[in-house]
Amino acid sequence: MYLDLNKELTDEQKSVKEETHRFAAEVLRPASIELDKLSPEEVIADGSVMWEVFRKAYQQGHHLAGLPEQFGGVDLSPLSSHIRTEEMGWGSADFAIALGVSSFPFTFASRSGNQDLINDVVIPFSKDTEAKYIGCWAITEPQHGSDALLIGSKEFGDVNISFDCTARLDGDEYVINGQKAAWVSNGTIATHACTFLSVDPGDGVAGGGVAIIPLDQPGVSRGKPLDKLGQRGLNQGEIFFDNIRLPKHCMVVQPAAYPFIIDGILALANAGMSAIFTGVARAAFEEAL
Ligand SMILES: Cc1cc2nc3c(=O)[nH]c(=O)nc-3n(C[C@H](O)[C@H](O)[C@H](O)COP(=O)(O)OP(=O)(O)OC[C@H]3O[C@@H](n4cnc5c(N)ncnc54)[C@H](O)[C@@H]3O)c2cc1C
């Protein structure tokens with residue numbers, strides 16, 4: 001039962017709610033219950049239901065939610081977006097997060113204006129119906145969590161606080177070194193990482209940038225999939241970069257724009273988490289009745 005407080009939903013919003021709810025009830029929730037009993041290695045093994053869910057989600061276009069319309073995205077209103085995310089969370093917080101972050105590198109690339117990057121990663125992702133392209137958002141580090149997000153505080157420009165993962169310009173390429181934490185969702189299965197890292201360490205966290213890094217290259221390695229008490233269907237794990245060379249155009253956000261991006265991403269991620277866990281709370285309430 002859902003105590004529907006907003007009686008003013010439009011037909012479009014009702015249909016977003018019904019369609020997403022059906023997908024959540026029929027696909028996400030049963031798979032999550034099954035994955036909850038498995039080890040983190042079994043969750044991502046060939047033949048695991050996790051892959052089936054990714055494929056079904058991609059076939060229905062759920063991975064394109066954040067993309068511009070020209071790449072198959074749907075321009076949902078903020079309320080429709082909340083409704084969609086809440087229903088995904090009602091079905092499974094694990095998959096709501098996994099499918100949400102999967103689009104990060106491709107969404108950032110789609111807004112870069114760089115045609116090479118769009119051809120290389122965005123168009124293949126927009127046509128993907130088999131979940132061959134899986135993204136992740138690699139921001140957290142073993143030594144940096146909330147402190148990397150303190151926009152608006154003096155600590156944001158404190159030279160003593162910056163990512164340990166760095167990008168150094170060398171000719172036409174960036175050289176990337178460092179590590180992202182075991183919290184990175186899709187960390188051990190992702191093909192591309194939307195990586196927040198330090199470009200100008202002299203400006204502290206404010207000297208950050210965002211790089212789209214393909215993860216199938218020499219010098220990239222992963223940790224073990226993280227073993228957790230909850231959200232066991234959500235793959236998470238470390239990513240290590242050892243002298244990765246990246247074409248300059250893959251740095252889609254430079255330090256001058258980085259604070260605005262952090263501002264926007266915090267708004268997006270915090271609103272997204274609120275919507276997902278409103279869905280989880282609703283599911284718990286229904287279960288308790
Ligand atoms: C399910 C899940 C999925 C995640 N997915 C991703 C992902 O896809 N990619 C990724 O990069 N990371 C991901 N994370 C990591 C997440 O973004 C970090 O956990 C978060 O930024 C907090 O960082 P931290 O864990 O290092 O905690 P810390 O920043 O060390 O905080 C520890 C405690 O200190 C408190 N605290 C921190 N700063 C202050 C302050 N200034 N004043 C008062 N109290 C403070 C916090 O509230 C908290 O209680 C995920 C985490 C979880 C649990």
# chains A, B, ... in the order shown; residues from 1 in each chain; ligands from 1
call {"tool": "closest_atom_pairs", "arguments": {"of": "range 189-285 of chain A", "to": "range 54-78 of chain A", "cutoff": "12 Å", "atoms": "only C-alpha atoms", "output": "CSV"}}
result
residue,atom,partner,partner_atom,distance
A:Ile189,CA,A:Phe54,CA,11.6
A:Gly233,CA,A:Phe54,CA,11.7
A:Leu234,CA,A:Phe54,CA,11.6
A:Ala267,CA,A:Pro78,CA,11.9
A:Leu268,CA,A:Pro78,CA,10.4
A:Ala271,CA,A:Pro78,CA,9.9
A:Gly272,CA,A:Pro78,CA,10.7
A:Ala275,CA,A:Pro78,CA,11.2
call {"tool": "select_by_dssp", "arguments": {"residues": "range 77-289 of chain A", "states": "alpha helix (DSSP H)", "output": "PyMOL selection string"}}
result
chain A and resi 78-91+93-102+104-110+115-117+123-126+258-288
call {"tool": "residues_near_ligand", "arguments": {"ligand": "ligand 1", "cutoff": "6 Å", "atoms": "only C-alpha atoms and all ligand atoms", "output": "list in words"}}
result
Trp137, Ala138, Ile139, Thr140, His144, Gly145, Ser146, Asp147, Trp183, Val184 and Ser185 of chain A
call {"tool": "closest_atom_pairs", "arguments": {"of": "range 146-215 of chain A", "to": "range 24-45 of chain A", "cutoff": "12 Å", "atoms": "only C-alpha atoms", "output": "Markdown table"}}
result
| residue | atom | partner | partner_atom | distance |
| --- | --- | --- | --- | --- |
| A:Asn186 | CA | A:Ile44 | CA | 9.9 |
| A:Gly187 | CA | A:Ile44 | CA | 11.3 |
| A:Thr188 | CA | A:Ile44 | CA | 8.9 |
| A:Ile189 | CA | A:Ile44 | CA | 7.6 |
| A:Ala190 | CA | A:Ile44 | CA | 11.2 |
call {"tool": "residues_around", "arguments": {"residues": "range 150-160 of chain A", "least_positions_apart": "6", "cutoff": "12 Å", "atoms": "only C-alpha atoms", "output": "PyMOL selection string"}}
result
chain A and resi 144+198+200-208+255+258-267
call {"tool": "write_last_selection", "arguments": {"atoms": "N, CA, C and O atoms", "output": "compact mmCIF listing (two decimals), in the first residue's frame"}}
result
# COMPACT_ATOMS: atom_id res chain seq x y z
N HIS A 144 39.84 10.03 1.70
CA HIS A 144 38.99 11.19 1.39
C HIS A 144 37.55 10.78 1.11
O HIS A 144 37.28 10.04 0.17
N SER A 198 42.65 14.93 -8.58
CA SER A 198 43.34 16.20 -8.38
C SER A 198 44.12 16.58 -9.63
O SER A 198 44.93 15.79 -10.12
N ASP A 200 45.11 20.22 -9.95
CA ASP A 200 45.92 21.31 -9.40
C ASP A 200 45.98 21.18 -7.89
O ASP A 200 45.24 21.88 -7.18
N PRO A 201 46.83 20.30 -7.34
CA PRO A 201 46.81 20.06 -5.90
C PRO A 201 47.08 21.34 -5.09
O PRO A 201 46.65 21.45 -3.94
N GLY A 202 47.73 22.33 -5.71
CA GLY A 202 48.01 23.59 -5.03
C GLY A 202 46.75 24.34 -4.62
O GLY A 202 46.79 25.21 -3.76
N ASP A 203 45.60 24.00 -5.24
CA ASP A 203 44.33 24.64 -4.89
C ASP A 203 43.47 23.75 -4.00
O ASP A 203 42.27 23.97 -3.85
N GLY A 204 44.07 22.71 -3.43
CA GLY A 204 43.31 21.80 -2.57
C GLY A 204 42.26 21.05 -3.37
O GLY A 204 42.43 20.80 -4.57
N VAL A 205 41.15 20.70 -2.71
CA VAL A 205 40.10 19.94 -3.41
C VAL A 205 39.53 20.76 -4.56
O VAL A 205 39.11 20.21 -5.59
N ALA A 206 39.53 22.08 -4.42
CA ALA A 206 38.99 22.94 -5.48
C ALA A 206 39.77 22.79 -6.79
O ALA A 206 39.26 23.12 -7.86
N GLY A 207 41.00 22.28 -6.72
CA GLY A 207 41.79 22.08 -7.94
C GLY A 207 41.53 20.73 -8.58
O GLY A 207 42.41 20.15 -9.22
N GLY A 208 40.32 20.23 -8.43
CA GLY A 208 39.98 18.91 -8.97
C GLY A 208 39.56 18.96 -10.43
O GLY A 208 39.39 20.04 -11.02
N PRO A 255 39.76 22.32 -13.47
CA PRO A 255 39.57 22.96 -12.16
C PRO A 255 38.66 24.19 -12.17
O PRO A 255 37.90 24.39 -11.22
N TYR A 258 35.27 22.89 -11.83
CA TYR A 258 35.09 21.78 -10.89
C TYR A 258 34.15 22.12 -9.71
O TYR A 258 33.26 21.32 -9.39
N PRO A 259 34.29 23.31 -9.07
CA PRO A 259 33.38 23.61 -7.95
C PRO A 259 31.91 23.58 -8.35
O PRO A 259 31.06 23.10 -7.59
N PHE A 260 31.59 24.04 -9.57
CA PHE A 260 30.19 24.02 -10.02
C PHE A 260 29.71 22.57 -10.19
O PHE A 260 28.56 22.24 -9.92
N ILE A 261 30.63 21.73 -10.66
CA ILE A 261 30.28 20.32 -10.87
C ILE A 261 30.02 19.64 -9.52
O ILE A 261 29.06 18.88 -9.37
N ILE A 262 30.88 19.95 -8.53
CA ILE A 262 30.68 19.36 -7.20
C ILE A 262 29.33 19.81 -6.63
O ILE A 262 28.57 19.01 -6.07
N ASP A 263 29.02 21.08 -6.82
CA ASP A 263 27.75 21.62 -6.35
C ASP A 263 26.59 20.84 -6.98
O ASP A 263 25.67 20.37 -6.30
N GLY A 264 26.66 20.69 -8.31
CA GLY A 264 25.58 20.01 -9.04
C GLY A 264 25.49 18.54 -8.67
O GLY A 264 24.40 17.99 -8.49
N ILE A 265 26.65 17.89 -8.54
CA ILE A 265 26.65 16.45 -8.30
C ILE A 265 26.14 16.14 -6.90
O ILE A 265 25.46 15.14 -6.68
N LEU A 266 26.45 17.04 -5.95
CA LEU A 266 25.94 16.85 -4.59
C LEU A 266 24.42 16.95 -4.58
O LEU A 266 23.74 16.16 -3.93
N ALA A 267 23.91 17.95 -5.31
CA ALA A 267 22.45 18.13 -5.37
C ALA A 267 21.82 16.88 -5.98
O ALA A 267 20.84 16.33 -5.46
call {"tool": "residues_around", "arguments": {"residues": "Phe104 in chain A", "least_positions_apart": "3", "cutoff": "7 Å", "atoms": "only C-alpha atoms", "output": "list of chain:residue names"}}
result
A:Val101, A:Thr107, A:Phe108, A:Gly135, A:Cys136, A:Trp137, A:Cys194
call {"tool": "decode", "arguments": {"residues": "range 130-144 of chain A", "atoms": "all heavy atoms", "output": "compact mmCIF listing (two decimals), in the first residue's frame"}}
result
# COMPACT_ATOMS: atom_id res chain seq x y z
N GLU A 130 22.90 -4.87 -24.10
CA GLU A 130 23.42 -6.08 -23.42
C GLU A 130 24.26 -5.75 -22.20
O GLU A 130 24.95 -6.62 -21.66
CB GLU A 130 24.27 -6.88 -24.41
CG GLU A 130 23.46 -7.48 -25.55
CD GLU A 130 24.38 -8.03 -26.61
OE1 GLU A 130 25.30 -8.78 -26.25
OE2 GLU A 130 24.20 -7.68 -27.78
N ALA A 131 24.27 -4.48 -21.81
CA ALA A 131 25.07 -4.03 -20.66
C ALA A 131 26.55 -4.35 -20.85
O ALA A 131 27.22 -4.82 -19.94
CB ALA A 131 24.54 -4.63 -19.36
N LYS A 132 27.03 -4.07 -22.07
CA LYS A 132 28.47 -4.23 -22.33
C LYS A 132 29.24 -3.05 -21.74
O LYS A 132 30.42 -3.14 -21.49
CB LYS A 132 28.71 -4.24 -23.84
CG LYS A 132 28.32 -5.51 -24.52
CD LYS A 132 28.87 -5.44 -25.94
CE LYS A 132 28.15 -6.35 -26.87
NZ LYS A 132 28.21 -5.90 -28.25
N TYR A 133 28.55 -1.92 -21.64
CA TYR A 133 29.17 -0.70 -21.10
C TYR A 133 28.59 -0.41 -19.73
O TYR A 133 27.39 -0.16 -19.61
CB TYR A 133 28.90 0.49 -22.03
CG TYR A 133 29.58 0.36 -23.37
CD1 TYR A 133 29.00 -0.39 -24.39
CD2 TYR A 133 30.81 0.96 -23.61
CE1 TYR A 133 29.62 -0.54 -25.62
CE2 TYR A 133 31.44 0.82 -24.84
CZ TYR A 133 30.84 0.07 -25.83
OH TYR A 133 31.46 -0.08 -27.04
N ILE A 134 29.44 -0.48 -18.72
CA ILE A 134 28.97 -0.21 -17.36
C ILE A 134 29.88 0.86 -16.76
O ILE A 134 31.11 0.74 -16.81
CB ILE A 134 28.98 -1.50 -16.50
CG1 ILE A 134 27.92 -2.47 -17.04
CG2 ILE A 134 28.73 -1.18 -15.03
CD1 ILE A 134 27.81 -3.77 -16.29
N GLY A 135 29.26 1.89 -16.24
CA GLY A 135 30.05 2.98 -15.69
C GLY A 135 30.08 2.97 -14.17
O GLY A 135 29.34 2.23 -13.51
N CYS A 136 30.98 3.77 -13.64
CA CYS A 136 31.00 3.98 -12.19
C CYS A 136 31.41 5.42 -11.92
O CYS A 136 31.93 6.11 -12.81
CB CYS A 136 31.94 3.01 -11.49
SG CYS A 136 33.69 3.27 -11.85
N TRP A 137 31.15 5.85 -10.68
CA TRP A 137 31.53 7.18 -10.22
C TRP A 137 32.64 6.99 -9.19
O TRP A 137 32.37 6.54 -8.08
CB TRP A 137 30.32 7.88 -9.61
CG TRP A 137 30.62 9.23 -9.01
CD1 TRP A 137 31.58 10.12 -9.39
CD2 TRP A 137 29.93 9.84 -7.91
NE1 TRP A 137 31.53 11.24 -8.61
CE2 TRP A 137 30.52 11.10 -7.69
CE3 TRP A 137 28.86 9.44 -7.10
CZ2 TRP A 137 30.10 11.97 -6.69
CZ3 TRP A 137 28.43 10.31 -6.11
CH2 TRP A 137 29.04 11.56 -5.91
N ALA A 138 33.87 7.29 -9.58
CA ALA A 138 35.02 7.03 -8.70
C ALA A 138 35.46 8.35 -8.07
O ALA A 138 36.26 9.08 -8.66
CB ALA A 138 36.15 6.39 -9.50
N ILE A 139 34.93 8.64 -6.90
CA ILE A 139 35.32 9.88 -6.20
C ILE A 139 35.96 9.57 -4.85
O ILE A 139 37.02 10.10 -4.53
CB ILE A 139 34.12 10.86 -6.07
CG1 ILE A 139 34.53 12.12 -5.31
CG2 ILE A 139 32.90 10.23 -5.47
CD1 ILE A 139 33.55 13.27 -5.39
N THR A 140 35.34 8.68 -4.06
CA THR A 140 35.83 8.43 -2.70
C THR A 140 37.18 7.73 -2.73
O THR A 140 37.42 6.87 -3.57
CB THR A 140 34.80 7.56 -1.93
OG1 THR A 140 33.52 8.16 -2.07
CG2 THR A 140 35.14 7.47 -0.45
N GLU A 141 38.05 8.12 -1.78
CA GLU A 141 39.36 7.47 -1.64
C GLU A 141 39.49 6.96 -0.21
O GLU A 141 38.76 7.41 0.67
CB GLU A 141 40.48 8.48 -1.94
CG GLU A 141 40.42 8.99 -3.37
CD GLU A 141 41.58 9.93 -3.72
OE1 GLU A 141 42.31 10.36 -2.80
OE2 GLU A 141 41.73 10.21 -4.92
N PRO A 142 40.45 6.06 0.03
CA PRO A 142 40.60 5.58 1.42
C PRO A 142 40.76 6.75 2.41
O PRO A 142 40.24 6.70 3.51
CB PRO A 142 41.86 4.73 1.35
CG PRO A 142 41.92 4.24 -0.06
CD PRO A 142 41.35 5.35 -0.89
N GLN A 143 41.44 7.82 1.99
CA GLN A 143 41.68 8.95 2.91
C GLN A 143 40.75 10.13 2.66
O GLN A 143 40.91 11.17 3.30
CB GLN A 143 43.14 9.43 2.76
CG GLN A 143 44.18 8.39 3.08
CD GLN A 143 44.03 7.82 4.49
OE1 GLN A 143 43.64 8.53 5.42
NE2 GLN A 143 44.31 6.54 4.65
N HIS A 144 39.84 10.03 1.70
CA HIS A 144 38.99 11.19 1.39
C HIS A 144 37.55 10.78 1.11
O HIS A 144 37.28 10.04 0.17
CB HIS A 144 39.56 11.96 0.19
CG HIS A 144 40.92 12.52 0.46
ND1 HIS A 144 41.13 13.57 1.33
CD2 HIS A 144 42.13 12.13 0.03
CE1 HIS A 144 42.42 13.82 1.41
NE2 HIS A 144 43.06 12.96 0.64
